[in-house]
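What's in final.cif: mmCIF, C-alpha atoms
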data_upload
#
loop_
_atom_site.group_PDB
_atom_site.id
_atom_site.type_symbol
_atom_site.label_atom_id
_atom_site.label_comp_id
_atom_site.auth_asym_id
_atom_site.auth_seq_id
_atom_site.Cartn_x
_atom_site.Cartn_y
_atom_site.Cartn_z
ATOM 1 C CA MET A 1 100.026 73.573 122.241
ATOM 2 C CA ALA A 2 102.294 71.588 119.920
ATOM 3 C CA VAL A 3 105.169 74.020 120.153
ATOM 4 C CA LEU A 4 108.001 73.577 122.644
ATOM 5 C CA LYS A 5 110.705 75.960 123.752
ATOM 6 C CA VAL A 6 114.191 74.595 122.974
ATOM 7 C CA GLU A 7 116.615 75.563 125.729
ATOM 8 C CA ASP A 8 119.635 74.563 127.822
ATOM 9 C CA LYS A 9 121.398 71.393 126.581
ATOM 10 C CA ASP A 10 118.926 70.901 123.747
ATOM 11 C CA LEU A 11 119.598 74.425 122.493
ATOM 12 C CA ASN A 12 123.368 73.898 122.696
ATOM 13 C CA SER A 13 123.090 70.625 120.826
ATOM 14 C CA PHE A 14 120.895 72.197 118.137
ATOM 15 C CA LEU A 15 123.238 75.164 117.681
ATOM 16 C CA ASP A 16 126.220 72.824 117.344
ATOM 17 C CA LYS A 17 124.344 71.012 114.586
ATOM 18 C CA LEU A 18 123.321 74.278 112.924
ATOM 19 C CA SER A 19 126.895 75.608 112.906
ATOM 20 C CA GLY A 20 127.789 72.709 110.625
ATOM 21 C CA VAL A 21 125.268 73.960 108.058
ATOM 22 C CA ILE A 22 125.274 77.775 108.383
ATOM 23 C CA ASN A 23 128.236 80.134 108.629
ATOM 24 C CA PHE A 24 126.827 82.885 110.866
ATOM 25 C CA ASN A 25 129.783 85.140 110.050
ATOM 26 C CA LYS A 26 128.285 85.571 106.585
ATOM 27 C CA ASP A 27 125.020 87.209 105.571
ATOM 28 C CA LEU A 28 122.819 87.326 102.485
ATOM 29 C CA PRO A 29 123.135 87.811 99.574
ATOM 30 C CA LEU A 30 126.316 85.752 100.114
ATOM 31 C CA ASN A 31 126.031 81.986 100.347
ATOM 32 C CA VAL A 32 125.670 81.408 104.096
ATOM 33 C CA PHE A 33 125.539 77.612 103.825
ATOM 34 C CA VAL A 34 128.534 75.427 104.656
ATOM 35 C CA GLY A 35 129.658 72.885 102.067
ATOM 36 C CA GLY A 36 127.843 71.774 98.930
ATOM 37 C CA GLY A 37 125.159 69.360 97.868
ATOM 38 C CA PHE A 38 122.229 71.735 98.367
ATOM 39 C CA LEU A 39 119.227 72.642 96.242
ATOM 40 C CA PHE A 40 118.050 76.239 96.761
ATOM 41 C CA TRP A 41 114.716 78.046 96.779
ATOM 42 C CA PHE A 42 114.011 81.666 97.734
ATOM 43 C CA PHE A 43 111.214 83.552 99.481
ATOM 44 C CA GLU A 44 110.073 87.038 100.335
ATOM 45 C CA ARG A 45 110.529 88.318 103.865
ATOM 46 C CA PRO A 46 109.081 88.031 106.517
ATOM 47 C CA LEU A 47 108.311 84.334 105.999
ATOM 48 C CA LEU A 48 106.577 84.007 109.391
ATOM 49 C CA CYS A 49 103.970 86.539 108.222
ATOM 50 C CA PHE A 50 103.092 84.512 105.124
ATOM 51 C CA PHE A 51 100.796 82.472 107.332
ATOM 52 C CA GLU A 52 99.714 79.817 104.834
ATOM 53 C CA ILE A 53 103.166 79.341 103.335
ATOM 54 C CA PHE A 54 104.787 79.011 106.757
ATOM 55 C CA SER A 55 102.073 76.629 108.011
ATOM 56 C CA GLY A 56 102.340 74.577 104.833
ATOM 57 C CA LEU A 57 106.124 74.439 105.103
ATOM 58 C CA VAL A 58 105.906 73.024 108.635
ATOM 59 C CA SER A 59 103.127 70.559 107.763
ATOM 60 C CA ASN A 60 104.874 69.312 104.632
ATOM 61 C CA SER A 61 108.208 68.991 106.402
ATOM 62 C CA VAL A 62 106.705 67.040 109.319
ATOM 63 C CA SER A 63 104.865 64.670 106.978
ATOM 64 C CA SER A 64 107.850 64.250 104.634
ATOM 65 C CA PHE A 65 110.694 63.943 107.151
ATOM 66 C CA LYS A 66 108.755 62.629 110.203
ATOM 67 C CA SER A 67 110.462 65.114 112.493
ATOM 68 C CA ASP A 68 109.871 68.517 114.089
ATOM 69 C CA VAL A 69 110.571 71.905 112.539
ATOM 70 C CA ILE A 70 112.719 74.349 114.508
ATOM 71 C CA VAL A 71 112.431 78.150 114.381
ATOM 72 C CA LYS A 72 115.474 79.991 115.794
ATOM 73 C CA PHE A 73 115.653 83.778 116.190
ATOM 74 C CA SER A 74 118.857 85.780 116.774
ATOM 75 C CA GLY A 75 121.086 83.493 114.694
ATOM 76 C CA SER A 76 123.481 81.435 116.804
ATOM 77 C CA GLU A 77 122.972 83.398 120.033
ATOM 78 C CA ARG A 78 122.040 81.275 123.043
ATOM 79 C CA LEU A 79 119.072 83.354 124.181
ATOM 80 C CA GLY A 80 115.997 82.267 126.125
ATOM 81 C CA ASN A 81 112.803 82.447 124.061
ATOM 82 C CA SER A 82 114.825 82.343 120.840
ATOM 83 C CA CYS A 83 114.261 78.735 119.747
ATOM 84 C CA PHE A 84 111.038 76.759 119.301
ATOM 85 C CA SER A 85 110.173 73.302 118.043
ATOM 86 C CA PHE A 86 106.940 72.567 116.134
ATOM 87 C CA ASP A 87 105.507 69.076 115.721
ATOM 88 C CA GLY A 88 102.918 70.253 113.190
ATOM 89 C CA SER A 89 99.917 68.771 115.017
ATOM 90 C CA GLU A 90 98.327 72.153 115.741
ATOM 91 C CA ILE A 91 100.136 74.214 113.195
ATOM 92 C CA GLU A 92 97.435 76.826 112.527
ATOM 93 C CA LYS A 93 97.208 77.664 116.221
ATOM 94 C CA ASP A 94 100.982 77.538 116.671
ATOM 95 C CA ALA A 95 101.628 79.669 113.590
ATOM 96 C CA ARG A 96 99.189 82.311 114.875
ATOM 97 C CA TRP A 97 100.958 82.273 118.261
ATOM 98 C CA LEU A 98 104.417 82.623 116.714
ATOM 99 C CA SER A 99 103.257 85.309 114.313
ATOM 100 C CA LYS A 100 101.826 87.327 117.228
ATOM 101 C CA LYS A 101 105.020 86.972 119.273
ATOM 102 C CA PHE A 102 107.111 87.881 116.216
ATOM 103 C CA GLU A 103 105.113 91.108 115.931
ATOM 104 C CA SER A 104 107.195 92.560 118.778
ATOM 105 C CA PHE A 105 110.196 90.200 118.529
ATOM 106 C CA PHE A 106 109.045 88.777 121.891
ATOM 107 C CA ASP A 107 109.057 92.341 123.310
ATOM 108 C CA GLY A 108 112.479 93.034 121.855
ATOM 109 C CA ALA A 109 114.075 89.901 123.346
ATOM 110 C CA VAL A 110 115.026 88.317 120.005
ATOM 111 C CA GLY A 111 116.017 89.499 116.561
ATOM 112 C CA TYR A 112 117.528 88.590 113.216
ATOM 113 C CA PRO A 113 118.745 86.476 111.523
ATOM 114 C CA ILE A 114 115.908 83.963 111.640
ATOM 115 C CA VAL A 115 116.515 80.304 110.849
ATOM 116 C CA LEU A 116 113.839 77.689 110.166
ATOM 117 C CA CYS A 117 114.863 74.082 109.681
ATOM 118 C CA GLU A 118 114.039 70.432 109.947
ATOM 119 C CA SER A 119 115.345 69.206 113.309
ATOM 120 C CA ALA A 120 118.244 67.297 111.712
ATOM 121 C CA CYS A 121 118.952 70.218 109.349
ATOM 122 C CA LYS A 122 117.938 68.249 106.246
ATOM 123 C CA TRP A 123 116.606 71.574 105.037
ATOM 124 C CA VAL A 124 117.406 75.030 106.428
ATOM 125 C CA ALA A 125 115.853 78.433 105.675
ATOM 126 C CA PHE A 126 117.743 81.638 106.434
ATOM 127 C CA GLU A 127 116.127 85.102 106.627
ATOM 128 C CA SER A 128 118.242 88.223 107.103
ATOM 129 C CA ALA A 129 117.415 91.764 108.166
ATOM 130 C CA TYR A 130 119.760 92.956 105.417
ATOM 131 C CA GLU A 131 118.219 91.313 102.348
ATOM 132 C CA GLU A 132 114.619 91.279 101.158
ATOM 133 C CA PHE A 133 114.716 87.664 99.996
ATOM 134 C CA GLY A 134 115.543 84.673 102.177
ATOM 135 C CA VAL A 135 116.949 81.301 101.092
ATOM 136 C CA VAL A 136 115.907 77.697 101.694
ATOM 137 C CA ALA A 137 118.668 75.096 101.273
ATOM 138 C CA VAL A 138 117.731 71.419 101.025
ATOM 139 C CA LYS A 139 120.315 68.635 101.080
ATOM 140 C CA LYS A 140 120.034 66.870 97.705
ATOM 141 C CA SER A 141 120.627 63.522 99.390
ATOM 142 C CA GLU A 142 117.678 64.078 101.746
ATOM 143 C CA ILE A 143 115.064 65.567 99.405
ATOM 144 C CA GLN A 144 111.563 64.094 99.650
ATOM 145 C CA GLU A 145 109.151 64.234 96.723
ATOM 146 C CA GLY A 146 106.244 65.861 98.584
ATOM 147 C CA PHE A 147 108.473 68.498 100.134
ATOM 148 C CA TYR A 148 110.159 69.177 96.788
ATOM 149 C CA GLU A 149 106.757 69.701 95.176
ATOM 150 C CA TYR A 150 105.667 72.025 97.994
ATOM 151 C CA LEU A 151 108.767 74.169 97.592
ATOM 152 C CA ASN A 152 108.335 74.349 93.814
ATOM 153 C CA ALA A 153 104.685 75.389 94.204
ATOM 154 C CA ASN A 154 105.166 78.019 96.903
ATOM 155 C CA PHE A 155 108.749 79.291 96.834
ATOM 156 C CA ILE A 156 110.910 80.930 94.177
ATOM 157 C CA SER A 157 112.921 78.324 92.286
ATOM 158 C CA MET A 158 116.380 78.942 90.862
ATOM 159 C CA ASP A 159 114.837 79.169 87.370
ATOM 160 C CA GLU A 160 112.306 81.759 88.567
ATOM 161 C CA LEU A 161 115.099 83.683 90.268
ATOM 162 C CA ALA A 162 116.991 83.733 86.952
ATOM 163 C CA GLU A 163 113.880 85.182 85.259
ATOM 164 C CA LEU A 164 113.544 87.815 88.004
ATOM 165 C CA ALA A 165 117.195 88.768 87.510
ATOM 166 C CA SER A 166 116.617 89.764 83.894
ATOM 167 C CA GLY A 167 114.889 93.111 84.519
ATOM 168 C CA CYS A 168 115.903 96.342 86.231
ATOM 169 C CA THR A 169 113.657 96.586 89.303
ATOM 170 C CA ALA A 170 114.827 96.315 92.903
ATOM 171 C CA GLU A 171 113.878 92.620 92.839
ATOM 172 C CA CYS A 172 116.103 92.158 89.782
ATOM 173 C CA ILE A 173 119.080 93.592 91.650
ATOM 174 C CA ILE A 174 118.399 91.287 94.595
ATOM 175 C CA ALA A 175 117.919 88.287 92.292
ATOM 176 C CA LYS A 176 121.174 89.027 90.468
ATOM 177 C CA ALA A 177 123.073 89.221 93.753
ATOM 178 C CA LEU A 178 121.587 85.927 94.933
ATOM 179 C CA MET A 179 122.208 84.263 91.565
ATOM 180 C CA SER A 180 125.879 85.142 91.769
ATOM 181 C CA SER A 181 126.112 83.412 95.158
ATOM 182 C CA TYR A 182 123.782 80.452 94.747
ATOM 183 C CA SER A 183 123.829 79.338 91.101
ATOM 184 C CA SER A 184 126.355 76.597 90.470
ATOM 185 C CA MET B 1 97.500 108.691 95.075
ATOM 186 C CA SER B 2 94.743 106.225 94.313
ATOM 187 C CA ARG B 3 93.489 103.532 96.608
ATOM 188 C CA ALA B 4 91.790 101.918 93.650
ATOM 189 C CA ARG B 5 95.178 101.222 92.151
ATOM 190 C CA VAL B 6 96.208 99.391 95.304
ATOM 191 C CA THR B 7 93.072 97.309 95.147
ATOM 192 C CA LEU B 8 93.883 96.342 91.572
ATOM 193 C CA ALA B 9 97.230 94.946 92.715
ATOM 194 C CA PHE B 10 95.341 92.339 94.696
ATOM 195 C CA GLY B 11 93.090 91.247 91.807
ATOM 196 C CA SER B 12 91.690 87.935 93.004
ATOM 197 C CA ALA B 13 88.852 86.686 90.833
ATOM 198 C CA ALA B 14 89.862 83.076 91.381
ATOM 199 C CA LYS B 15 89.965 83.323 95.158
ATOM 200 C CA GLY B 16 87.246 82.604 97.659
ATOM 201 C CA PHE B 17 84.857 85.350 98.610
ATOM 202 C CA MET B 18 86.172 85.618 102.181
ATOM 203 C CA ALA B 19 89.764 85.885 101.012
ATOM 204 C CA TYR B 20 88.712 88.466 98.459
ATOM 205 C CA MET B 21 86.894 90.528 101.090
ATOM 206 C CA ALA B 22 89.890 90.286 103.427
ATOM 207 C CA GLU B 23 92.138 91.584 100.666
ATOM 208 C CA ARG B 24 89.704 94.376 99.819
ATOM 209 C CA ARG B 25 89.751 95.375 103.480
ATOM 210 C CA ALA B 26 93.532 95.178 103.539
ATOM 211 C CA ALA B 27 93.780 97.287 100.398
ATOM 212 C CA GLY B 28 91.673 99.949 102.056
ATOM 213 C CA LEU B 29 93.928 99.837 105.094
ATOM 214 C CA VAL B 30 96.994 100.262 102.869
ATOM 215 C CA GLY B 31 95.526 103.547 101.735
ATOM 216 C CA GLU B 32 95.013 104.618 105.339
ATOM 217 C CA ALA B 33 98.488 103.421 106.262
ATOM 218 C CA THR B 34 100.226 105.270 103.475
ATOM 219 C CA ASP B 35 98.257 108.341 104.497
ATOM 220 C CA ASP B 36 99.642 107.787 108.036
ATOM 221 C CA ILE B 37 103.200 107.619 106.788
ATOM 222 C CA LEU B 38 102.892 110.606 104.506
ATOM 223 C CA ALA B 39 101.116 112.786 107.044
ATOM 224 C CA SER B 40 104.293 114.579 108.072
ATOM 225 C CA GLY B 41 103.061 117.802 106.515
ATOM 226 C CA ALA B 42 106.533 119.331 106.395
ATOM 227 C CA LYS B 43 107.585 118.242 102.931
ATOM 228 C CA ALA B 44 105.882 117.312 99.713
ATOM 229 C CA THR B 45 105.985 113.559 99.339
ATOM 230 C CA SER B 46 104.901 111.101 96.716
ATOM 231 C CA ILE B 47 104.308 107.428 96.539
ATOM 232 C CA GLU B 48 104.110 105.065 93.612
ATOM 233 C CA PHE B 49 102.240 101.760 93.561
ATOM 234 C CA LEU B 50 104.111 99.090 91.627
ATOM 235 C CA PRO B 51 102.872 95.727 90.327
ATOM 236 C CA LYS B 52 103.550 92.656 92.448
ATOM 237 C CA VAL B 53 106.670 90.818 91.391
ATOM 238 C CA THR B 54 106.380 87.200 92.460
ATOM 239 C CA ARG B 55 103.325 85.021 93.057
ATOM 240 C CA ASN B 56 103.477 85.796 96.781
ATOM 241 C CA SER B 57 104.521 89.447 96.629
ATOM 242 C CA ALA B 58 102.758 92.017 98.739
ATOM 243 C CA GLY B 59 101.651 95.247 97.065
ATOM 244 C CA GLN B 60 104.772 97.241 96.233
ATOM 245 C CA ILE B 61 105.011 100.904 97.206
ATOM 246 C CA GLU B 62 107.879 103.295 96.488
ATOM 247 C CA ALA B 63 107.871 106.344 98.818
ATOM 248 C CA ASN B 64 110.173 109.326 98.381
ATOM 249 C CA ILE B 65 110.516 109.973 102.084
ATOM 250 C CA THR B 66 113.181 108.692 104.452
ATOM 251 C CA GLN B 67 112.566 105.681 106.623
ATOM 252 C CA GLY B 68 113.377 107.820 109.675
ATOM 253 C CA SER B 69 110.674 110.352 108.865
ATOM 254 C CA ALA B 70 108.135 107.557 108.317
ATOM 255 C CA ILE B 71 108.971 106.103 111.740
ATOM 256 C CA LYS B 72 108.675 109.521 113.402
ATOM 257 C CA THR B 73 105.338 110.147 111.734
ATOM 258 C CA LEU B 74 103.924 106.823 112.865
ATOM 259 C CA GLU B 75 105.193 107.352 116.413
ATOM 260 C CA SER B 76 103.519 110.747 116.531
ATOM 261 C CA ASN B 77 100.328 109.051 115.316
ATOM 262 C CA GLY B 78 100.286 106.776 118.364
ATOM 263 C CA TYR B 79 102.140 103.719 117.081
ATOM 264 C CA LYS B 80 104.030 101.709 119.725
ATOM 265 C CA LYS B 81 107.703 101.161 118.892
ATOM 266 C CA THR B 82 109.731 97.992 119.559
ATOM 267 C CA ILE B 83 113.259 97.260 118.359
ATOM 268 C CA SER B 84 114.548 93.771 117.648
ATOM 269 C CA GLN B 85 117.207 92.439 120.028
ATOM 270 C CA ASP B 86 119.966 92.861 117.409
ATOM 271 C CA GLY B 87 118.860 96.445 116.767
ATOM 272 C CA SER B 88 118.341 95.893 113.053
ATOM 273 C CA VAL B 89 114.558 96.039 112.761
ATOM 274 C CA THR B 90 112.120 98.600 114.169
ATOM 275 C CA VAL B 91 108.524 97.492 114.666
ATOM 276 C CA LEU B 92 105.638 99.947 114.959
ATOM 277 C CA THR B 93 102.231 98.630 115.969
ATOM 278 C CA ASN B 94 98.865 100.324 116.355
ATOM 279 C CA GLY B 95 95.718 98.244 116.600
ATOM 280 C CA GLU B 96 95.597 95.826 113.717
ATOM 281 C CA LYS B 97 98.482 97.345 111.740
ATOM 282 C CA THR B 98 102.157 96.384 112.184
ATOM 283 C CA TYR B 99 105.028 97.928 110.259
ATOM 284 C CA ARG B 100 108.464 96.302 110.274
ATOM 285 C CA PHE B 101 111.210 98.677 109.171
ATOM 286 C CA TYR B 102 114.281 96.944 107.774
ATOM 287 C CA PRO B 103 117.739 98.445 107.254
ATOM 288 C CA SER B 104 119.123 99.000 103.766
ATOM 289 C CA SER B 105 119.283 95.851 101.693
ATOM 290 C CA THR B 106 122.889 94.835 101.009
ATOM 291 C CA SER B 107 122.182 94.367 97.306
ATOM 292 C CA THR B 108 119.954 97.385 96.575
ATOM 293 C CA GLY B 109 121.154 99.782 99.266
ATOM 294 C CA GLN B 110 117.528 100.725 99.876
ATOM 295 C CA PRO B 111 115.707 100.484 103.239
ATOM 296 C CA SER B 112 112.227 98.986 103.257
ATOM 297 C CA ALA B 113 109.259 98.140 105.437
ATOM 298 C CA SER B 114 106.508 95.561 105.461
ATOM 299 C CA LEU B 115 102.943 96.143 106.578
ATOM 300 C CA THR B 116 100.956 93.310 108.102
ATOM 301 C CA ILE B 117 97.360 93.513 109.239
ATOM 302 C CA ASP B 118 95.732 91.236 111.821
ATOM 303 C CA GLY B 119 93.539 88.638 110.157
ATOM 304 C CA VAL B 120 95.193 88.954 106.748
ATOM 305 C CA LYS B 121 97.315 85.878 106.042
ATOM 306 C CA LYS B 122 100.228 87.581 104.306
ATOM 307 C CA PRO B 123 101.928 90.975 104.329
ATOM 308 C CA THR B 124 99.718 93.619 102.761
ATOM 309 C CA ALA B 125 102.395 95.964 101.470
ATOM 310 C CA LYS B 126 106.125 96.303 100.958
ATOM 311 C CA ILE B 127 107.352 99.891 101.087
ATOM 312 C CA ARG B 128 110.746 101.010 99.795
ATOM 313 C CA PHE B 129 112.077 104.377 100.889
ATOM 314 C CA SER B 130 113.919 106.503 98.376
ATOM 315 C CA GLY B 131 114.070 109.803 100.294
ATOM 316 C CA GLU B 132 117.399 111.295 101.382
#

Let's see the structure in the file written out as structure tokens.
Amino acid sequence: MAVLKVEDKDLNSFLDKLSGVINFNKDLPLNVFVGGGFLFWFFERPLLCFFEIFSGLVSNSVSSFKSDVIVKFSGSERLGNSCFSFDGSEIEKDARWLSKKFESFFDGAVGYPIVLCESACKWVAFESAYEEFGVVAVKKSEIQEGFYEYLNANFISMDELAELASGCTAECIIAKALMSSYSS
Amino acid sequence: MSRARVTLAFGSAAKGFMAYMAERRAAGLVGEATDDILASGAKATSIEFLPKVTRNSAGQIEANITQGSAIKTLESNGYKKTISQDGSVTVLTNGEKTYRFYPSSTSTGQPSASLTIDGVKKPTAKIRFSGE
């Protein structure tokens, strides 16, 4: 299997890196990302259950950035079975495995928020239990053309979010709240 | 309530036959699942099927029951309950169906649930609870 558990020193090192990008004291629809220089896309929860979108995200990230994708449950908590690294080589099989484990939150051992990111945090996705839409933040300085195109084709762009915000459905309320936090 | 209306929400003329059949099957299961949730018998309930909102949206369902009563009904129908480590999300699973019950959204104030079905590559339904 091309998925590895991230634990011990590697987990500590990853969480140190992640704390420089995400403020875990905040939650959506607020802007949870630290600093500026990001481009944002949005998605409907739970991302891990959108099998093709999740698989495509991992595959495109691995081919664009030449590095693994990390999935971290339970935010910044240092829990066993909460952090996994994907190299994308067997993504369909790995995505099915993760999706099955996510079905029970690893028998109740992990929870929200869920973070997905490139191993150096060049892009980071954040999914909350308290908001129906999640957010992907990509560092403008690190954006890769193929990955950019994948996000535009499969995720909700800022322009699409602005369109969603113009009505009066539940999605409009969510989109308005996210717009107020993420539009520059 | 009309299962046909759910099926329409997944209109998929441009998709492959297998994907179409999987969605047809999922649409049928949504009908069964909503029947499961509404089978409390104690109170009159109603559900409304809404159009999908984004290109990836699951079928949208508005149910005028509480999330708590939906969870109780599913448990009494044999669903196995698991709670996420942070306590925020309740998962109910029975065979190929899995419901994830989320707390109230910060922006809308409304609790919701997603329904996923084994073998279907995206969530089949999003349910929002408007009961009090």

If you measure from CA of Leu164 (chain A) to CA of Leu30 (chain A), what distance in Å do you get, rounded to one decimal?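 Spanning CA of Leu164 (chain A) to CA of Leu30 (chain A) is a straight-line distance of 17.7 Å.
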
Compute the set of chain B residues within 7 Å of chain A, using all atoms listed in the file, and express it as a PDB file with C-alpha atoms, in the frame of the given file.
ATOM      1  CA  THR B  82     109.731  97.992 119.559  1.00  0.00           C
ATOM      2  CA  ILE B  83     113.259  97.260 118.359  1.00  0.00           C
ATOM      3  CA  SER B  84     114.548  93.771 117.648  1.00  0.00           C
ATOM      4  CA  GLN B  85     117.207  92.439 120.028  1.00  0.00           C
ATOM      5  CA  ASP B  86     119.966  92.861 117.409  1.00  0.00           C
ATOM      6  CA  SER B  88     118.341  95.893 113.053  1.00  0.00           C
ATOM      7  CA  VAL B  89     114.558  96.039 112.761  1.00  0.00           C
ATOM      8  CA  VAL B  91     108.524  97.492 114.666  1.00  0.00           C
ATOM      9  CA  TYR B 102     114.281  96.944 107.774  1.00  0.00           C
ATOM     10  CA  PRO B 103     117.739  98.445 107.254  1.00  0.00           C
ATOM     11  CA  SER B 104     119.123  99.000 103.766  1.00  0.00           C
ATOM     12  CA  SER B 105     119.283  95.851 101.693  1.00  0.00           C
ATOM     13  CA  THR B 106     122.889  94.835 101.009  1.00  0.00           C
ATOM     14  CA  SER B 107     122.182  94.367  97.306  1.00  0.00           C
ATOM     15  CA  THR B 108     119.954  97.385  96.575  1.00  0.00           C
ATOM     16  CA  LYS B 121      97.315  85.878 106.042  1.00  0.00           C
ATOM     17  CA  LYS B 122     100.228  87.581 104.306  1.00  0.00           C
ATOM     18  CA  PRO B 123     101.928  90.975 104.329  1.00  0.00           C
TER      19      PRO B 123
END

Report task. Starting from the displayed file, determine the output of the PyMOL selection byres ((chain A and resi 60) around 12) and express the residue list as a count of residues only. Result -> 32

Go through the shown structure with the PyMOL selection byres ((chain A and resi 41) around 7) and write out the matching residues as JSON, numbers by chain. {"A": [40, 42, 135, 136, 137, 155, 156, 157, 158]}

Can you list, as a ChimeraX atom specification, the residues that the PyMOL selection byres ((chain B and resi 58) around 6) selects here? /B:57,59,123-126

Go ahead and save the picked residues with C-alpha atoms, as a PDB file, in the frame of the given file.
ATOM      1  CA  SER B  57     104.521  89.447  96.629  1.00  0.00           C
ATOM      2  CA  GLY B  59     101.651  95.247  97.065  1.00  0.00           C
ATOM      3  CA  PRO B 123     101.928  90.975 104.329  1.00  0.00           C
ATOM      4  CA  THR B 124      99.718  93.619 102.761  1.00  0.00           C
ATOM      5  CA  ALA B 125     102.395  95.964 101.470  1.00  0.00           C
ATOM      6  CA  LYS B 126     106.125  96.303 100.958  1.00  0.00           C
TER       7      LYS B 126
END

**Q.** d(CA of Glu132 (chain B), CA of Asn64 (chain B)) in Å
**A.**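 So the answer is 8.1 Å.
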
Worksheet item: Quick one: distance from CA of Ser184 (chain A) to CA of Ser119 (chain A) in Å, one decimal?
Response: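 If I compute the distance from CA of Ser184 (chain A) to CA of Ser119 (chain A), I get 26.4 Å.
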
Self-check item: Selection: 6 Å around Val115 (chain A), all atoms listed in the file, excl. self and same-chain fewer than 4 positions, as a list in words
Solution: Val71, Lys72, Ala125 and Phe126 of chain A

File of the preceding selection, C-alpha atoms, as a PDB file, keeping the file's coordinate frame:
ATOM      1  CA  VAL A  71     112.431  78.150 114.381  1.00  0.00           C
ATOM      2  CA  LYS A  72     115.474  79.991 115.794  1.00  0.00           C
ATOM      3  CA  ALA A 125     115.853  78.433 105.675  1.00  0.00           C
ATOM      4  CA  PHE A 126     117.743  81.638 106.434  1.00  0.00           C
TER       5      PHE A 126
END

inquiry  = Set the distance at 7 Å and use all atoms listed in the file: which residues neighbour region 10-25 of chain A once local chain neighbours fewer than 4 positions away are removed? I'd like the list as a PyMOL selection string.
reply    = chain A and resi 6+32-34+75-76+121

Draw an axis-aligned box over all listed atoms of region 2-10 of chain A, pad each side with 4 Å, and write its centre and edge lengths in Å, one decimal, as JSON.
{"center_x": 111.8, "center_y": 73.4, "center_z": 123.9, "size_x": 27.1, "size_y": 13.1, "size_z": 15.9}
